[in-house]
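Working notes, beginning with the structure itself.
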Amino acid sequence: MKKDYVPGSNGAFRSWVISLYSFVSNNAVEWDLPVSVVPEFDSMLTEFLALFATVENKRTRTTEQVLTYESYKAEFTTFLRSLVQVHLVRNSQIPYATKIAMNLNPRVGSSERPDIDSEPIIVLTNAARGVIKIKLLVLDMGKRPKIHPNANGAELRFYISAVPTQVQAAKPEASTDSPQEPTPTPTPIPIPTPTPNTAASNKDVFVMDTFFTTRGSFDRKMENYLGKAFVVQGRWVNTTDAEKNGTWSDFFTIIIA
């Protein structure tokens with residue numbers, strides 16, 4: 001198994017993200033990255049460095065500061081993994097040597113994988129207040145979580161939405177001698193589809209903190225999330241050949257508790 005490209009220690013992680021940001025910001029146009037990548041990376045990096053400064057001194061930091069830092073670091077890591085797997089490691093505009101310099105450990109010389117011909121099944125459970133546990137299953141391969149054998153991981157699109165309400169739609173009855181009023185039948189209003197957030201994972205089981213699903217917003221007011229719908233869809237991805245990615249799944253939904 002290859003070494004994870006995301007450093008484990010806080011100091012190494014800080015150095016890596018600063019270096020990665022330098023590569024991305026200096027080459028965004030040449031690498032044909034979406035225009036939103038650099039501003040979003042810049043915003044999250046600025047917030048991360050500010051929080052890092054509060055916990056760097058072990059003698060003066062508080063437990064609350066550490067918890068806040070660790071929570072934001074987890075969200076920042078999710079953003080970075082999505083950035084790397086969706087826009088960098090399989091980007092043909094980036095030289096292999098540059099990917100190595102960014103510590104991305106790209107695959108080389110490996111056997112070619114076939115096209116991915118299925119969609120992931122996404123199982124959602126509430127792991128803690130505001131935290132969703134996500135399990136990825138492969139269709140027709142049992143009920144145990146696993147990554148598709150032809151994929152490197154999965155890409156997700158998700159958003160938080162108010163729970164759809166019900167409206168009354170008329171359902172005509174069969175004609176009779178005495179016309180009757182139509183019988184109302186509840187019909188759900190379609191779930192709105194705003195621009196979703198994105199994430200990526202090379203693990204078949206992971207958690208997502210819904211407090212941090214809105215980029216640039218460090219909002220920990222539970223009432224803004226609890227009781228709302230967490231809506232997600234996914235697809236299997238081949239990080240070395242995007243043309244072999246699977247198709248997007250249906251949406252899966254859970255009420256945040």
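Residues in the structure tokens are numbered from 1 in each chain, the chains being A, B, ... in the order shown, and ligands are numbered from 1 in the order shown.
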Give me the residues within 9 Å of segment 51-58 of chain A as a compact mmCIF listing (two decimals) with N, CA and C atoms, in the first residue's frame, counting only C-alpha atoms and dropping any in the same chain fewer than 2 places off.
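Final output, part-v7.txt:
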# COMPACT_ATOMS: atom_id res chain seq x y z
N ASN A 10 0.98 17.54 12.65
CA ASN A 10 0.47 18.90 12.40
C ASN A 10 1.49 19.78 11.70
N GLY A 11 2.75 19.71 12.15
CA GLY A 11 3.78 20.54 11.53
C GLY A 11 4.02 20.19 10.08
N ARG A 14 1.07 21.32 7.96
CA ARG A 14 1.11 22.76 7.69
C ARG A 14 2.09 23.08 6.56
N THR A 46 -6.02 30.31 4.92
CA THR A 46 -5.92 31.43 5.85
C THR A 46 -6.57 31.09 7.19
N GLU A 47 -7.77 30.48 7.12
CA GLU A 47 -8.47 30.09 8.35
C GLU A 47 -7.68 29.02 9.10
N PHE A 48 -7.14 28.05 8.35
CA PHE A 48 -6.36 26.98 8.98
C PHE A 48 -5.14 27.54 9.70
N LEU A 49 -4.39 28.42 9.05
CA LEU A 49 -3.18 28.96 9.66
C LEU A 49 -3.49 29.77 10.91
N THR A 60 0.13 26.91 26.31
CA THR A 60 -0.87 27.97 26.45
C THR A 60 -2.21 27.65 25.78
N ARG A 61 -2.25 26.67 24.93
CA ARG A 61 -3.49 26.37 24.21
C ARG A 61 -4.52 25.75 25.14
N THR A 62 -5.79 25.94 24.80
CA THR A 62 -6.88 25.39 25.60
C THR A 62 -7.49 24.18 24.88
N GLN A 65 -9.67 25.29 22.02
CA GLN A 65 -8.91 25.67 20.84
C GLN A 65 -8.45 24.45 20.06
N VAL A 66 -8.03 23.40 20.77
CA VAL A 66 -7.58 22.18 20.11
C VAL A 66 -8.73 21.51 19.37
N THR A 68 -11.47 22.91 18.23
CA THR A 68 -11.83 23.73 17.08
C THR A 68 -10.85 23.53 15.93
N TYR A 69 -9.56 23.50 16.27
CA TYR A 69 -8.53 23.28 15.25
C TYR A 69 -8.68 21.92 14.59
N TYR A 72 -11.66 21.79 12.19
CA TYR A 72 -11.44 22.50 10.93
C TYR A 72 -10.39 21.80 10.07
N LYS A 73 -9.38 21.23 10.71
CA LYS A 73 -8.37 20.50 9.96
C LYS A 73 -8.99 19.33 9.21
Item to complete: Compile the contact shell of Phe206 of chain A as number ranges by chain: residues with an atom at most 10 Å away, counting only C-alpha atoms, same-chain residues fewer than 5 positions apart removed.
Response: A: 132-136, 201
Discussion item. Using DSSP secondary structure from the backbone, list all helix (DSSP H, G or I) positions within segment 25-98 of chain A, as number ranges by chain.
Written reply: A: 25-27, 37-55, 63-88, 96-98
Prev. selection, C-alpha atoms, output as a CSV table (one decimal), in the first residue's frame:
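So the final result, stored in part_39.csv, reads:
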chain,number,residue,atom,x,y,z
A,25,SER,CA,-1.9,29.3,-7.1
A,26,ASN,CA,1.2,29.8,-9.4
A,27,ASN,CA,0.0,27.3,-12.1
A,37,VAL,CA,-10.1,26.6,-6.8
A,38,VAL,CA,-7.5,29.2,-5.8
A,39,PRO,CA,-9.9,31.6,-3.9
A,40,GLU,CA,-11.4,28.7,-2.0
A,41,PHE,CA,-8.0,27.2,-1.2
A,42,ASP,CA,-6.7,30.6,-0.1
A,43,SER,CA,-9.7,31.2,2.2
A,44,MET,CA,-9.5,27.8,3.8
A,45,LEU,CA,-5.7,28.0,4.2
A,46,THR,CA,-5.9,31.4,5.9
A,47,GLU,CA,-8.5,30.1,8.3
A,48,PHE,CA,-6.4,27.0,9.0
A,49,LEU,CA,-3.2,29.0,9.7
A,50,ALA,CA,-5.0,31.2,12.1
A,51,LEU,CA,-6.3,28.2,14.0
A,52,PHE,CA,-2.9,26.5,13.8
A,53,ALA,CA,-1.4,29.5,15.6
A,54,THR,CA,-3.7,29.1,18.5
A,55,VAL,CA,-2.6,25.5,19.2
A,63,THR,CA,-8.9,22.2,25.0
A,64,GLU,CA,-11.5,24.3,23.2
A,65,GLN,CA,-8.9,25.7,20.8
A,66,VAL,CA,-7.6,22.2,20.1
A,67,LEU,CA,-11.0,20.8,19.4
A,68,THR,CA,-11.8,23.7,17.1
A,69,TYR,CA,-8.5,23.3,15.3
A,70,GLU,CA,-9.0,19.5,14.8
A,71,SER,CA,-12.5,19.9,13.5
A,72,TYR,CA,-11.4,22.5,10.9
A,73,LYS,CA,-8.4,20.5,10.0
A,74,ALA,CA,-10.6,17.5,9.2
A,75,GLU,CA,-12.8,19.7,6.9
A,76,PHE,CA,-9.7,21.2,5.3
A,77,THR,CA,-8.3,17.7,4.7
A,78,THR,CA,-11.6,16.7,3.0
A,79,PHE,CA,-11.3,19.7,0.7
A,80,LEU,CA,-7.6,18.9,-0.1
A,81,ARG,CA,-8.3,15.3,-0.9
A,82,SER,CA,-11.1,16.3,-3.3
A,83,LEU,CA,-8.8,18.9,-4.9
A,84,VAL,CA,-6.0,16.4,-5.4
A,85,GLN,CA,-8.1,13.5,-6.6
A,86,VAL,CA,-10.4,15.5,-8.9
A,87,HIS,CA,-8.1,18.2,-10.3
A,88,LEU,CA,-4.5,17.3,-9.7
A,96,TYR,CA,4.8,13.7,-13.4
A,97,ALA,CA,7.8,15.2,-11.7
A,98,THR,CA,5.7,18.1,-10.4
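The space between atom CA of Gly246 of chain A and atom CA of Gly153 of chain A spans 10.8 Å.
Proximity ranking of A:Ala154, A:Leu33, A:Val123, A:Ala128 relative to Ser92 of chain A places A:Leu33 first, based on only C-alpha atoms.
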